[in-house]
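Peer 1: I have a structure here, written as C-alpha cells, and I will follow up with some questions on it.
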Amino acid sequence: MGISEETAGKGDITFPKGFVWGTATASYQIEGAAHEDGRGPSIWDTFSRTPGKVVGGHTGDVACDHYHRYRDDVAMMADLGMQAYRFSIAWPRIQPDGSGPVNPRGLDFYERLVDELRGHGITPIVTLYHWDLPQALEDRGGWTSRETAERFAEYAAIVHGRLGDRVETWTTLNEPWCSSFLGYGAGIHAPGRTEPGAAFAAVHHLLLGHGLATAELRAAGAKQVGITLNLAPISGNDPLAVAHIDGLQNRIFLDPVLRKEYPADVVERARRFTDWSFVRDGDLDLIGAPIDLLGVNYYSPTTVELRAGQPANPVHPGSEGIAFVQGDEERTAMGWSVVPSALTDLLVRLSRDYPGTPLIITENGAAFDDVLVDGRVADERRIAFLDGHFRAAHAAIEAGADLRGYLVWSLMDNFEWAEGYGKRFGLVHVDYASQNRVPKDSALWYREVVRRNGIRS
Ligand code: IFM
C-alpha cells in the first residue's frame with residue numbers, strides 16, 4: 001500500500017501507478033555559454049540583439065549559466081525528487097552552421113548532462129528543437145524553406161547517434177505554433193518576420209521536419225517519439241469564430257500529425273495568404289506517421305467573440321472581425337487567465353477527437369511576481385495554480401484520458417523570450433547576479449506531490 005492510500009482522505013487524489021512527474025527547461029532559456037565550445041549563432045542570438053525586440057535588451061548569453069552549473073542543477077533536481085527532466089538540445093552547439101560538420105564538444109555536453117541525470121535516477125526526455133535555429137539556416141530561408149526540414153532530420157539522426165543508447169523519449173519540436181506564427185507571422189519571436197504567408201510555409205516545413213526526423217529516429221531504433229504542441233481550448237459565443245481560431249491554434253497541427261491531413265476550413269481561409277504549393281505528394285504521410293506520445297503544453301484558454309471592425313490579431317492571420325476577450329478570472333504575471341478546468345476539457349477533447357495516442361503534459365506552470373525574502377520565496381499562488389491544474393489533469397484521467405505524466409514549466413526562473421528575465425516561471429528562484437538558486441515553497445510542495453504520486457487536501 002502506498003503512502004497516499006494509507007492516509008487518503010476526502011479531497012485527496014492519487015495518480016495512476018507509473019505516472020511520471022518532472023520539470024522542463026529549454027536550451028536558450030537556461031544554458032548561457034552562448035559563445036563557448038564551438039556553439040554557432042542562433043536566430044535568438046540575433047533577435048535578442050535587435051533593439052526593441054526583447055524587454056530590457058536581455059539576451060541568453062549567460063541565462064542561468066546551466067552549461068557550467070548542470071551538475072549542481074541536476075543534484076538540485078534530485079533533491080527535489082524529480083523523476084524526469086525535459087530539456088532541449090541547442091542545434092547550433094551540434095552543427096554551428098546548421099548543416100555539415102558536427103561539433104563534438106556540443107554532443108559531449110549533452111552526453112555529460114544525460115549521464116548526470118541517469119546517475120541521479122532522473123529520466124531524460126529530449127526535445128530536439130526548442131526554437132534556437134542556427135542563424136545560417138535562417139539566412140537561407142529558415143522554416144519557410146524545405147531545406148531546413150531536411151537539415152533538421154539530419155541533425156536529429158546525429159543527436160540520436162550519440163544519445164540514443166541512453167535516452168528513450170524524444171520529442172521533435174516544441175510548440176511549432178510559436179515558431180511559425182510568432183516567429184514568421186507576428187514577428188514577436190525570432191526570426192521576427194511579419195509575413196502571414198511565410199508563417200503557413202513555416203508550419204508545413206516544421207511539421208515536415210517533424211515527420212522526417214521521426215523517420216530517422218525510428219530507423220535508428222528510438223523507443224518513444226513524439227511532438228509537443230501548445231494547445232489552447234477555444235470558446236465563445238459564435239461557433240464559426242471558435243472554429244476559425246481553433247483551426248489556427250490547434251487543428252492545423254493536430255490534424256496533419258494525427259490524421260494525415262490539414263483541416264479543410266483552415267486551408268481555405270488561408271488561401272488569401274498562401275497557395276499551399278509547398279505541400280508535396282507524400283509529405284502528409286511522413287508528417288502523420290504514428291507517434292508514441294503527444295506532448296501537451298497548456299497554460300490558458302482563449303475566448304473569442306464576433307466584433308465588427310475588429311482588426312486581425314497578428315498572431316492569428318486572417319482573424320479580422322474576431323475579438324479576443326478576457327473574463328474576470330485570476331491572471332498570472334503574463335496576463336494569462338487561470339482556468340484549470342480548461343485543461344480537463346482539452347485532455348478529454350484530445351482523447352475523443354484523436355484517440356489512441358498517449359498524452360503527456362510537457363509544460364504547465366505560471367509566472368508570478370515572486371520575491372525572495374530572507375532566503376525564502378513564499379509563492380502560494382503558484383502552489384494553488386499547480387494544485388488546481390493537477391486536479392484538473394486527474395479529472396481528465398478519470399474521464400478516460402490516457403495521460404502518462406506531468407512536467408512543470410519550469411525547473412527554474414529563466415529567459416522568458418521576448419519578456420526577458422522579468423517573468424519568473426521557476427519552481428526554483430534564480431538570482432541572476434550571483435546565480436544563486438533557492439527552491440521556492442512551490443518546489444518543496446511539488447516534492448511532496450511527487451513522493452505521494454498525488455495531492456493531499
Ligand atoms: O517559456 C516558455 C517555453 O519556452 C515554451 N512554452 C511556454 C513557456 C512560457 O511562456
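Note on naming: chains are A, B, ... as they come in the C-alpha cells, residues start from 1 per chain, ligands start from 1 in the order shown.
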Mind checking DSSP for region 132-206 of chain A and telling me the strand (DSSP E) residues as a list in words?
Peer 2: Thr169, Trp170, Thr171, Thr172, Leu173 and Asn174 of chain A
Peer 1: What do you get as a ChimeraX atom specification if you pick all residues at most 10 Å from ligand 1, counting only C-alpha atoms and all ligand atoms?
Peer 2: /A:24-29,88,130-131,174-175,178,228-230,297-299,334,336,362-367,409-410,413-419,423-426
Peer 1: Would you work out the distance separating CA of Asp12 (chain A) from CA of Pro439 (chain A), expressed in Å to one decimal?
Peer 2: 24.6 Å
Peer 1: As a list in words, please: the residues near Asp292 (chain A) (cut-off 7 Å, only C-alpha atoms, same-chain neighbours under 5 positions excluded).
Peer 2: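 Neighbouring residues, sequence-local ones excluded: Gln224, Val225, Gly226, Thr357 and Pro358 of chain A.
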Peer 1: Give me the residues within 10 Å of Arg39 (chain A) as a ChimeraX atom specification, counting only C-alpha atoms and dropping any in the same chain fewer than 3 places off.
Peer 2: /A:33-36,42,90-97,103,105-106,134
Peer 1: Find the residues around Val371 (chain A) up to 12 Å (only C-alpha atoms counted), leave out those fewer than 5 positions away in its own chain, and share them as a list of chain:residue names.
Peer 2: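 Final neighbour list, sorted by chain and number: A:Arg376, A:Val377, A:Ala378, A:Asp379, A:Glu380, A:Gly422, A:Lys423, A:Arg424, A:Val428, A:His429, A:Val430, A:Asp431, A:Val438, A:Lys440, A:Asp441.
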Peer 1: Could you dump the residues just selected with N, CA, C and O atoms as a CSV table (one decimal), in the first residue's frame?
Peer 2:
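Generated output (out.csv):
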```csv
chain,number,residue,atom,x,y,z
A,376,ARG,N,13.7,32.9,1.3
A,376,ARG,CA,12.5,32.1,1.0
A,376,ARG,C,11.6,32.8,0.0
A,376,ARG,O,11.5,34.0,0.1
A,377,VAL,N,11.0,32.0,-0.9
A,377,VAL,CA,10.0,32.6,-1.8
A,377,VAL,C,8.7,31.9,-1.4
A,377,VAL,O,8.5,30.7,-1.7
A,378,ALA,N,7.8,32.7,-0.8
A,378,ALA,CA,6.5,32.1,-0.4
A,378,ALA,C,5.5,32.3,-1.6
A,378,ALA,O,4.7,33.2,-1.6
A,379,ASP,N,5.6,31.4,-2.6
A,379,ASP,CA,4.8,31.5,-3.8
A,379,ASP,C,3.5,30.7,-3.7
A,379,ASP,O,3.3,29.8,-4.5
A,380,GLU,N,2.7,31.1,-2.8
A,380,GLU,CA,1.4,30.3,-2.6
A,380,GLU,C,0.5,30.4,-3.8
A,380,GLU,O,-0.2,29.4,-4.0
A,422,GLY,N,12.3,39.2,-16.7
A,422,GLY,CA,11.4,39.7,-15.8
A,422,GLY,C,10.3,38.8,-15.4
A,422,GLY,O,9.7,38.9,-14.3
A,423,LYS,N,10.0,37.8,-16.2
A,423,LYS,CA,8.9,36.9,-15.8
A,423,LYS,C,9.5,35.6,-15.3
A,423,LYS,O,10.3,34.9,-15.9
A,424,ARG,N,9.0,35.2,-14.1
A,424,ARG,CA,9.6,34.1,-13.4
A,424,ARG,C,8.7,32.9,-13.3
A,424,ARG,O,7.7,33.0,-12.6
A,428,VAL,N,12.2,27.0,-8.9
A,428,VAL,CA,13.4,27.5,-8.2
A,428,VAL,C,13.7,28.9,-8.6
A,428,VAL,O,13.7,29.2,-9.7
A,429,HIS,N,14.0,29.7,-7.6
A,429,HIS,CA,14.3,31.1,-7.8
A,429,HIS,C,15.8,31.2,-8.2
A,429,HIS,O,16.6,30.6,-7.6
A,430,VAL,N,16.0,32.1,-9.2
A,430,VAL,CA,17.4,32.3,-9.6
A,430,VAL,C,17.7,33.8,-9.4
A,430,VAL,O,17.0,34.6,-9.9
A,431,ASP,N,18.8,34.0,-8.7
A,431,ASP,CA,19.3,35.4,-8.6
A,431,ASP,C,20.4,35.5,-9.7
A,431,ASP,O,21.4,34.9,-9.7
A,438,VAL,N,17.4,29.2,-5.2
A,438,VAL,CA,16.7,28.9,-4.0
A,438,VAL,C,15.3,28.2,-4.4
A,438,VAL,O,14.5,28.9,-5.0
A,440,LYS,N,11.7,27.5,-4.4
A,440,LYS,CA,10.6,28.2,-3.8
A,440,LYS,C,9.7,27.3,-3.0
A,440,LYS,O,9.8,26.1,-3.1
A,441,ASP,N,8.7,27.8,-2.3
A,441,ASP,CA,7.8,27.0,-1.5
A,441,ASP,C,7.1,26.0,-2.4
A,441,ASP,O,6.9,24.8,-2.0
```
